[in-house]
Structure formats: C-alpha cells, structure tokens
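run01.cif follows; it contains mmCIF, C-alpha atoms.
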```cif
data_final
loop_
_atom_site.label_atom_id
_atom_site.label_comp_id
_atom_site.auth_asym_id
_atom_site.auth_seq_id
_atom_site.Cartn_x
_atom_site.Cartn_y
_atom_site.Cartn_z
CA MET A 219 -2.49 7.32 24.76
CA THR A 220 -4.56 9.57 22.52
CA THR A 221 -8.04 8.77 21.36
CA GLU A 222 -8.39 8.66 17.60
CA ARG A 223 -11.13 10.90 16.15
CA MET A 224 -13.31 8.74 13.94
CA ASP A 225 -16.09 9.76 11.59
CA ALA A 226 -17.10 8.85 8.05
CA THR A 227 -14.49 11.15 6.52
CA ARG A 228 -11.63 9.85 8.67
CA PHE A 229 -12.70 6.22 8.15
CA GLY A 230 -12.77 6.80 4.38
CA GLU A 231 -9.32 8.42 4.49
CA LEU A 232 -7.93 5.44 6.38
CA ALA A 233 -9.54 2.99 3.95
CA ASP A 234 -8.08 4.93 1.00
CA ALA A 235 -4.63 5.07 2.58
CA PHE A 236 -4.32 1.57 4.06
CA GLY A 237 -6.76 -0.51 2.02
CA GLY A 238 -9.88 -2.51 2.60
CA ASP A 239 -8.47 -4.84 5.26
CA VAL A 240 -8.63 -3.16 8.68
CA ARG A 241 -6.07 -5.69 9.96
CA ARG A 242 -3.43 -3.83 7.89
CA TRP A 243 -4.29 -0.45 9.40
CA PRO A 244 -2.02 1.09 12.07
CA ASP A 245 -2.53 -0.32 15.56
CA GLU A 246 -3.40 3.07 17.06
CA VAL A 247 -6.43 3.62 14.78
CA ARG A 248 -7.85 0.09 14.63
CA PRO A 249 -9.94 0.16 17.85
CA ALA A 250 -11.62 3.45 16.94
CA ALA A 251 -12.16 2.28 13.36
CA ARG A 252 -13.73 -0.99 14.45
CA ALA A 253 -15.97 0.79 16.98
CA TRP A 254 -17.08 3.27 14.32
CA ALA A 255 -17.67 0.45 11.80
CA ASP A 256 -19.81 -1.41 14.33
CA ALA A 257 -21.89 1.73 14.89
CA HIS A 258 -22.14 2.59 11.15
CA PRO A 259 -22.05 -0.75 9.30
CA LEU A 260 -23.43 0.44 5.94
CA GLU A 261 -21.03 3.37 5.60
CA ALA A 262 -18.11 1.25 6.76
CA ASP A 263 -18.97 -1.57 4.34
CA ARG A 264 -19.19 0.91 1.46
CA ALA A 265 -15.81 2.48 2.27
CA LEU A 266 -14.13 -0.89 2.76
CA PHE A 267 -15.69 -2.32 -0.41
CA ASN A 268 -14.39 0.62 -2.47
CA ALA A 269 -10.95 0.26 -0.90
CA ARG A 270 -10.93 -3.49 -1.66
CA GLN A 271 -11.78 -2.76 -5.28
CA THR A 272 -8.85 -0.36 -5.47
CA ASP A 273 -6.60 -2.95 -3.76
CA ALA A 274 -7.63 -5.60 -6.27
CA ALA A 275 -6.93 -3.28 -9.21
CA LEU A 276 -3.52 -2.37 -7.84
CA TYR A 277 -2.57 -5.99 -7.16
CA ALA A 278 -3.71 -7.04 -10.62
CA SER A 279 -1.67 -4.37 -12.40
CA SER A 280 1.73 -5.23 -13.80
CA ASN A 281 4.95 -3.88 -12.38
CA PRO A 282 6.55 -1.09 -14.40
CA VAL A 283 9.51 -2.10 -16.56
CA VAL A 284 12.37 0.35 -16.80
CA SER A 285 13.69 0.77 -20.32
CA ALA A 286 17.36 0.30 -21.08
CA ALA A 287 17.51 3.88 -22.36
CA LEU A 288 16.27 5.29 -19.05
CA ARG A 289 18.68 3.08 -17.10
CA ASP A 290 21.59 4.27 -19.28
CA ARG A 291 20.62 7.94 -18.81
CA VAL A 292 20.48 7.53 -15.02
CA LEU A 293 23.86 5.79 -14.94
CA ALA A 294 25.40 8.44 -17.21
CA SER A 295 23.99 11.18 -15.00
CA ALA A 296 25.40 9.50 -11.89
CA ALA A 297 28.81 9.12 -13.55
CA SER A 298 28.88 12.78 -14.55
CA ALA A 299 27.88 13.81 -11.02
CA GLY A 300 30.80 11.74 -9.72
CA LEU A 301 33.21 13.58 -12.05
CA ARG A 302 31.93 16.96 -10.86
CA ALA A 303 32.28 15.84 -7.24
CA ARG A 304 35.97 14.98 -7.75
CA ALA A 305 36.68 18.48 -8.97
CA GLY A 306 34.83 20.07 -6.06
CA TRP A 307 34.90 19.76 -2.29
CA PRO A 308 37.30 17.09 -0.93
CA GLY A 309 35.36 14.34 0.80
CA LEU A 310 32.25 14.92 -1.29
CA ARG A 311 33.14 11.95 -3.45
CA LYS A 312 33.17 9.68 -0.39
CA LEU A 313 29.91 11.20 0.82
CA LEU A 314 28.29 10.62 -2.58
CA TRP A 315 29.57 7.04 -2.63
CA ILE A 316 28.12 6.31 0.82
CA GLY A 317 24.84 8.01 -0.08
CA GLY A 318 24.66 6.14 -3.38
CA ALA A 319 25.33 2.84 -1.66
CA GLY A 320 22.55 3.58 0.80
CA TRP A 321 20.12 4.36 -2.01
CA ALA A 322 21.14 1.20 -3.85
CA ALA A 323 20.65 -0.92 -0.72
CA ALA A 324 17.25 0.64 -0.09
CA ALA A 325 16.22 0.04 -3.71
CA CYS A 326 17.33 -3.60 -3.56
CA ALA A 327 15.49 -4.12 -0.27
CA GLY A 328 12.37 -2.59 -1.80
CA VAL A 329 12.53 -4.87 -4.82
CA VAL A 330 13.02 -7.97 -2.66
CA PHE A 331 10.27 -6.92 -0.25
CA GLY A 332 7.88 -6.10 -3.08
CA ALA A 333 8.55 -9.36 -4.90
CA ASN A 334 8.02 -11.42 -1.77
CA LEU A 335 4.97 -9.49 -0.59
CA GLY A 336 3.31 -9.21 -4.01
CA GLY A 337 2.26 -12.84 -4.26
CA HIS A 338 0.81 -12.88 -0.76
CA LEU A 339 -1.12 -9.66 -1.27
CA ALA A 340 -2.46 -10.81 -4.64
CA THR A 341 -3.75 -13.99 -3.03
CA GLN A 342 -5.36 -11.97 -0.22
CA ALA A 343 -6.91 -9.56 -2.74
CA GLN A 344 -8.38 -12.45 -4.72
CA ALA A 345 -9.85 -13.95 -1.55
CA ASP A 346 -11.27 -10.55 -0.56
CA ALA A 347 -12.80 -10.13 -4.03
CA VAL A 348 -14.48 -13.53 -3.79
CA VAL A 349 -15.91 -12.64 -0.38
CA ASP A 350 -17.10 -9.25 -1.66
CA GLN A 351 -18.78 -10.83 -4.68
CA ALA A 352 -20.40 -13.45 -2.46
CA MET A 353 -21.74 -10.70 -0.20
CA LEU A 354 -23.44 -9.07 -3.20
CA GLY A 355 -25.34 -12.24 -4.15
CA ASP A 356 -28.53 -13.74 -2.79
CA PHE A 357 -28.48 -16.90 -0.73
CA ASP A 358 -31.56 -19.00 -0.17
CA GLU A 359 -32.56 -20.40 3.23
CA THR A 360 -30.18 -23.37 2.79
CA GLY A 361 -27.22 -21.05 2.31
CA ILE A 362 -26.84 -21.87 -1.40
CA PHE A 363 -26.18 -19.03 -3.77
CA GLY A 364 -28.90 -18.72 -6.29
#
```
Final structure tokens representation of the file:
Amino acid sequence: MTTERMDATRFGELADAFGGDVRRWPDEVRPAARAWADAHPLEADRALFNARQTDAALYASSNPVVSAALRDRVLASAASAGLRARAGWPGLRKLLWIGGAGWAAAACAGVVFGANLGGHLATQAQADAVVDQAMLGDFDETGIFG
C-alpha cells in the first residue's frame, strides 16, 4: 500500500475534484487527508468550505435541455454514418450497431443514475450549506445563535 502525499496543494486539488465532503473522496486518500486536516484545520476548513460552495452551486443549477434541432441533427448524422458503413467494410455495420447500443445503454444508465442521485446530493448540499452558515455565525454561551 502506498502512502499518499498530502500538502495544502494536494488537499485543495482533492477538494476541487471530489467536493467538500471527505466521505466521498477515494478510500486510498482519505486517511492522509484527514490526518493533514487535523494538523492544518484552518487551511482544510477553507478548502472544504470553498468546495462545498461549488458543490451547492452545481447542485442548484438546472440540468441542460437538449433542443429538438440538436437531437435531429445527431440522429441524421448517425443515420448517414450507417449508410456509409453499409457501403464499406463488411461487418462494420454490425460493429457500429453494437457500439451504438453500448453508448445508448451507457447514456440511459447515466440519466437514471443522475436522476436518482441528484435529489440525494441536493439534500446533502443543502444540509452542508446550513452547517457552513451556522459555523460562520456567533453563538452565545447558551449555544443560541445571536
């Protein structure tokens, strides 16, 4: 097992790539990241806060909508590629069909995964934003924000 190199730059890169929740980071970097965060709490909090802000903005944004014109152009392009394949190498048509089916299955799986995961991640992002905002406020000795 290799030891992950961890410093402020690497921690920031991981936060930018995987978000502000260390629990979602790859298993192999989590121990080093947590150890570094414990040793450098202010820098870690800053990097994680910025990543959470980016997460919240991404989760709040709407999903892109593909226009009918773009869809029609892609389908027309695929149909014309199929016609060219028939005139060319024998077996290419079957290969294109299998490849196209694989791409279609992957796209469908991505849509289903994204739709199912989106609600959960949005809820988590909202909870993280509330915690972040609470951490910025002042609490009196009774623990009441004020």
message: What's the separation between CA of Phe267 (chain A) and CA of Ala233 (chain A), in Å to one decimal place?
response: 9.2 Å
query: Quick one: which residues end up in the PyMOL selection byres ((chain A and resi 234) around 10) for this structure, as number ranges by chain?
result: A: 228-233, 235-238, 265-266, 268-270, 272-273
Atom-to-atom span, CA of Asp263 (chain A) and CA of Arg223 (chain A), Å: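 It comes out at 18.9 Å.
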Best match for closeness to Asp346 (chain A) among A:Asp225, A:Gln271, A:Ala278, A:Arg241, counting all atoms listed in the file: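 Once distances to Asp346 (chain A) are computed over all atoms listed in the file, the minimum belongs to A:Gln271.
Interatomic distance, CA of Ala297 (chain A) against CA of Val283 (chain A): 22.5 Å.
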query: If the PyMOL selection byres ((chain A and resi 254) around 12) is run on the structure shown, which residues does it catch, given as a PyMOL selection string?
result: chain A and resi 222-230+247-253+255-263
Could you add all heavy atoms to region 238-249 of chain A and give me the result as a PDB file, in the coordinates of the input?
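Generated output (part22.pdb):
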```
ATOM      1  N   GLY A 238      -8.604  -2.011   2.133  1.00  0.00           N
ATOM      2  CA  GLY A 238      -9.880  -2.510   2.600  1.00  0.00           C
ATOM      3  C   GLY A 238      -9.815  -3.544   3.702  1.00  0.00           C
ATOM      4  O   GLY A 238     -10.840  -4.053   4.126  1.00  0.00           O
ATOM      5  N   ASP A 239      -8.632  -3.873   4.171  1.00  0.00           N
ATOM      6  CA  ASP A 239      -8.470  -4.840   5.260  1.00  0.00           C
ATOM      7  C   ASP A 239      -8.020  -4.095   6.505  1.00  0.00           C
ATOM      8  O   ASP A 239      -6.867  -3.664   6.596  1.00  0.00           O
ATOM      9  CB  ASP A 239      -7.454  -5.906   4.864  1.00  0.00           C
ATOM     10  CG  ASP A 239      -7.326  -7.018   5.883  1.00  0.00           C
ATOM     11  OD1 ASP A 239      -7.967  -6.945   6.952  1.00  0.00           O
ATOM     12  OD2 ASP A 239      -6.579  -7.971   5.603  1.00  0.00           O
ATOM     13  N   VAL A 240      -8.928  -3.937   7.473  1.00  0.00           N
ATOM     14  CA  VAL A 240      -8.630  -3.160   8.680  1.00  0.00           C
ATOM     15  C   VAL A 240      -7.460  -3.758   9.450  1.00  0.00           C
ATOM     16  O   VAL A 240      -6.755  -3.043  10.156  1.00  0.00           O
ATOM     17  CB  VAL A 240      -9.894  -3.050   9.567  1.00  0.00           C
ATOM     18  CG1 VAL A 240      -9.621  -2.291  10.850  1.00  0.00           C
ATOM     19  CG2 VAL A 240     -11.020  -2.368   8.800  1.00  0.00           C
ATOM     20  N   ARG A 241      -7.202  -5.057   9.263  1.00  0.00           N
ATOM     21  CA  ARG A 241      -6.070  -5.690   9.960  1.00  0.00           C
ATOM     22  C   ARG A 241      -4.732  -5.082   9.531  1.00  0.00           C
ATOM     23  O   ARG A 241      -3.749  -5.157  10.260  1.00  0.00           O
ATOM     24  CB  ARG A 241      -6.043  -7.191   9.685  1.00  0.00           C
ATOM     25  CG  ARG A 241      -7.255  -7.921  10.252  1.00  0.00           C
ATOM     26  CD  ARG A 241      -7.273  -9.345   9.807  1.00  0.00           C
ATOM     27  NE  ARG A 241      -7.384  -9.375   8.339  1.00  0.00           N
ATOM     28  CZ  ARG A 241      -7.497 -10.486   7.623  1.00  0.00           C
ATOM     29  NH1 ARG A 241      -7.490 -11.649   8.205  1.00  0.00           N
ATOM     30  NH2 ARG A 241      -7.625 -10.430   6.316  1.00  0.00           N
ATOM     31  N   ARG A 242      -4.673  -4.455   8.358  1.00  0.00           N
ATOM     32  CA  ARG A 242      -3.430  -3.830   7.890  1.00  0.00           C
ATOM     33  C   ARG A 242      -3.312  -2.362   8.295  1.00  0.00           C
ATOM     34  O   ARG A 242      -2.320  -1.710   7.996  1.00  0.00           O
ATOM     35  CB  ARG A 242      -3.338  -3.941   6.360  1.00  0.00           C
ATOM     36  CG  ARG A 242      -3.153  -5.351   5.876  1.00  0.00           C
ATOM     37  CD  ARG A 242      -2.841  -5.394   4.397  1.00  0.00           C
ATOM     38  NE  ARG A 242      -3.756  -4.617   3.591  1.00  0.00           N
ATOM     39  CZ  ARG A 242      -4.429  -5.080   2.548  1.00  0.00           C
ATOM     40  NH1 ARG A 242      -4.303  -6.326   2.196  1.00  0.00           N
ATOM     41  NH2 ARG A 242      -5.230  -4.306   1.872  1.00  0.00           N
ATOM     42  N   TRP A 243      -4.317  -1.840   8.968  1.00  0.00           N
ATOM     43  CA  TRP A 243      -4.290  -0.450   9.400  1.00  0.00           C
ATOM     44  C   TRP A 243      -3.381  -0.312  10.609  1.00  0.00           C
ATOM     45  O   TRP A 243      -3.129  -1.288  11.319  1.00  0.00           O
ATOM     46  CB  TRP A 243      -5.685   0.022   9.743  1.00  0.00           C
ATOM     47  CG  TRP A 243      -6.614   0.118   8.568  1.00  0.00           C
ATOM     48  CD1 TRP A 243      -6.441  -0.408   7.320  1.00  0.00           C
ATOM     49  CD2 TRP A 243      -7.874   0.764   8.549  1.00  0.00           C
ATOM     50  NE1 TRP A 243      -7.517  -0.128   6.531  1.00  0.00           N
ATOM     51  CE2 TRP A 243      -8.416   0.587   7.253  1.00  0.00           C
ATOM     52  CE3 TRP A 243      -8.612   1.455   9.484  1.00  0.00           C
ATOM     53  CZ2 TRP A 243      -9.653   1.105   6.882  1.00  0.00           C
ATOM     54  CZ3 TRP A 243      -9.832   1.967   9.127  1.00  0.00           C
ATOM     55  CH2 TRP A 243     -10.347   1.801   7.834  1.00  0.00           C
ATOM     56  N   PRO A 244      -2.878   0.888  10.889  1.00  0.00           N
ATOM     57  CA  PRO A 244      -2.020   1.090  12.070  1.00  0.00           C
ATOM     58  C   PRO A 244      -2.741   0.700  13.365  1.00  0.00           C
ATOM     59  O   PRO A 244      -3.948   0.907  13.513  1.00  0.00           O
ATOM     60  CB  PRO A 244      -1.726   2.596  12.048  1.00  0.00           C
ATOM     61  CG  PRO A 244      -1.942   3.011  10.632  1.00  0.00           C
ATOM     62  CD  PRO A 244      -3.014   2.114  10.096  1.00  0.00           C
ATOM     63  N   ASP A 245      -1.975   0.155  14.290  1.00  0.00           N
ATOM     64  CA  ASP A 245      -2.530  -0.320  15.560  1.00  0.00           C
ATOM     65  C   ASP A 245      -3.282   0.765  16.314  1.00  0.00           C
ATOM     66  O   ASP A 245      -4.307   0.490  16.941  1.00  0.00           O
ATOM     67  CB  ASP A 245      -1.410  -0.859  16.468  1.00  0.00           C
ATOM     68  CG  ASP A 245      -0.795  -2.131  15.924  1.00  0.00           C
ATOM     69  OD1 ASP A 245      -1.459  -2.823  15.118  1.00  0.00           O
ATOM     70  OD2 ASP A 245       0.344  -2.441  16.308  1.00  0.00           O
ATOM     71  N   GLU A 246      -2.797   2.002  16.257  1.00  0.00           N
ATOM     72  CA  GLU A 246      -3.400   3.070  17.060  1.00  0.00           C
ATOM     73  C   GLU A 246      -4.775   3.506  16.552  1.00  0.00           C
ATOM     74  O   GLU A 246      -5.529   4.137  17.289  1.00  0.00           O
ATOM     75  CB  GLU A 246      -2.466   4.267  17.191  1.00  0.00           C
ATOM     76  CG  GLU A 246      -2.094   4.923  15.881  1.00  0.00           C
ATOM     77  CD  GLU A 246      -0.848   4.346  15.232  1.00  0.00           C
ATOM     78  OE1 GLU A 246      -0.344   3.311  15.693  1.00  0.00           O
ATOM     79  OE2 GLU A 246      -0.391   4.935  14.242  1.00  0.00           O
ATOM     80  N   VAL A 247      -5.127   3.199  15.291  1.00  0.00           N
ATOM     81  CA  VAL A 247      -6.430   3.620  14.780  1.00  0.00           C
ATOM     82  C   VAL A 247      -7.438   2.473  14.700  1.00  0.00           C
ATOM     83  O   VAL A 247      -8.637   2.709  14.565  1.00  0.00           O
ATOM     84  CB  VAL A 247      -6.314   4.288  13.389  1.00  0.00           C
ATOM     85  CG1 VAL A 247      -5.457   5.532  13.461  1.00  0.00           C
ATOM     86  CG2 VAL A 247      -5.813   3.325  12.347  1.00  0.00           C
ATOM     87  N   ARG A 248      -6.959   1.245  14.787  1.00  0.00           N
ATOM     88  CA  ARG A 248      -7.850   0.090  14.630  1.00  0.00           C
ATOM     89  C   ARG A 248      -9.014   0.040  15.622  1.00  0.00           C
ATOM     90  O   ARG A 248     -10.152  -0.183  15.201  1.00  0.00           O
ATOM     91  CB  ARG A 248      -7.050  -1.209  14.706  1.00  0.00           C
ATOM     92  CG  ARG A 248      -6.830  -1.779  13.332  1.00  0.00           C
ATOM     93  CD  ARG A 248      -6.211  -3.141  13.415  1.00  0.00           C
ATOM     94  NE  ARG A 248      -4.827  -2.993  13.017  1.00  0.00           N
ATOM     95  CZ  ARG A 248      -3.834  -3.683  13.476  1.00  0.00           C
ATOM     96  NH1 ARG A 248      -4.017  -4.611  14.362  1.00  0.00           N
ATOM     97  NH2 ARG A 248      -2.615  -3.463  13.053  1.00  0.00           N
ATOM     98  N   PRO A 249      -8.789   0.239  16.924  1.00  0.00           N
ATOM     99  CA  PRO A 249      -9.940   0.160  17.850  1.00  0.00           C
ATOM    100  C   PRO A 249     -11.027   1.181  17.534  1.00  0.00           C
ATOM    101  O   PRO A 249     -12.212   0.846  17.520  1.00  0.00           O
ATOM    102  CB  PRO A 249      -9.312   0.415  19.222  1.00  0.00           C
ATOM    103  CG  PRO A 249      -7.875   0.057  19.070  1.00  0.00           C
ATOM    104  CD  PRO A 249      -7.527   0.390  17.656  1.00  0.00           C
TER     105      PRO A 249
END
```
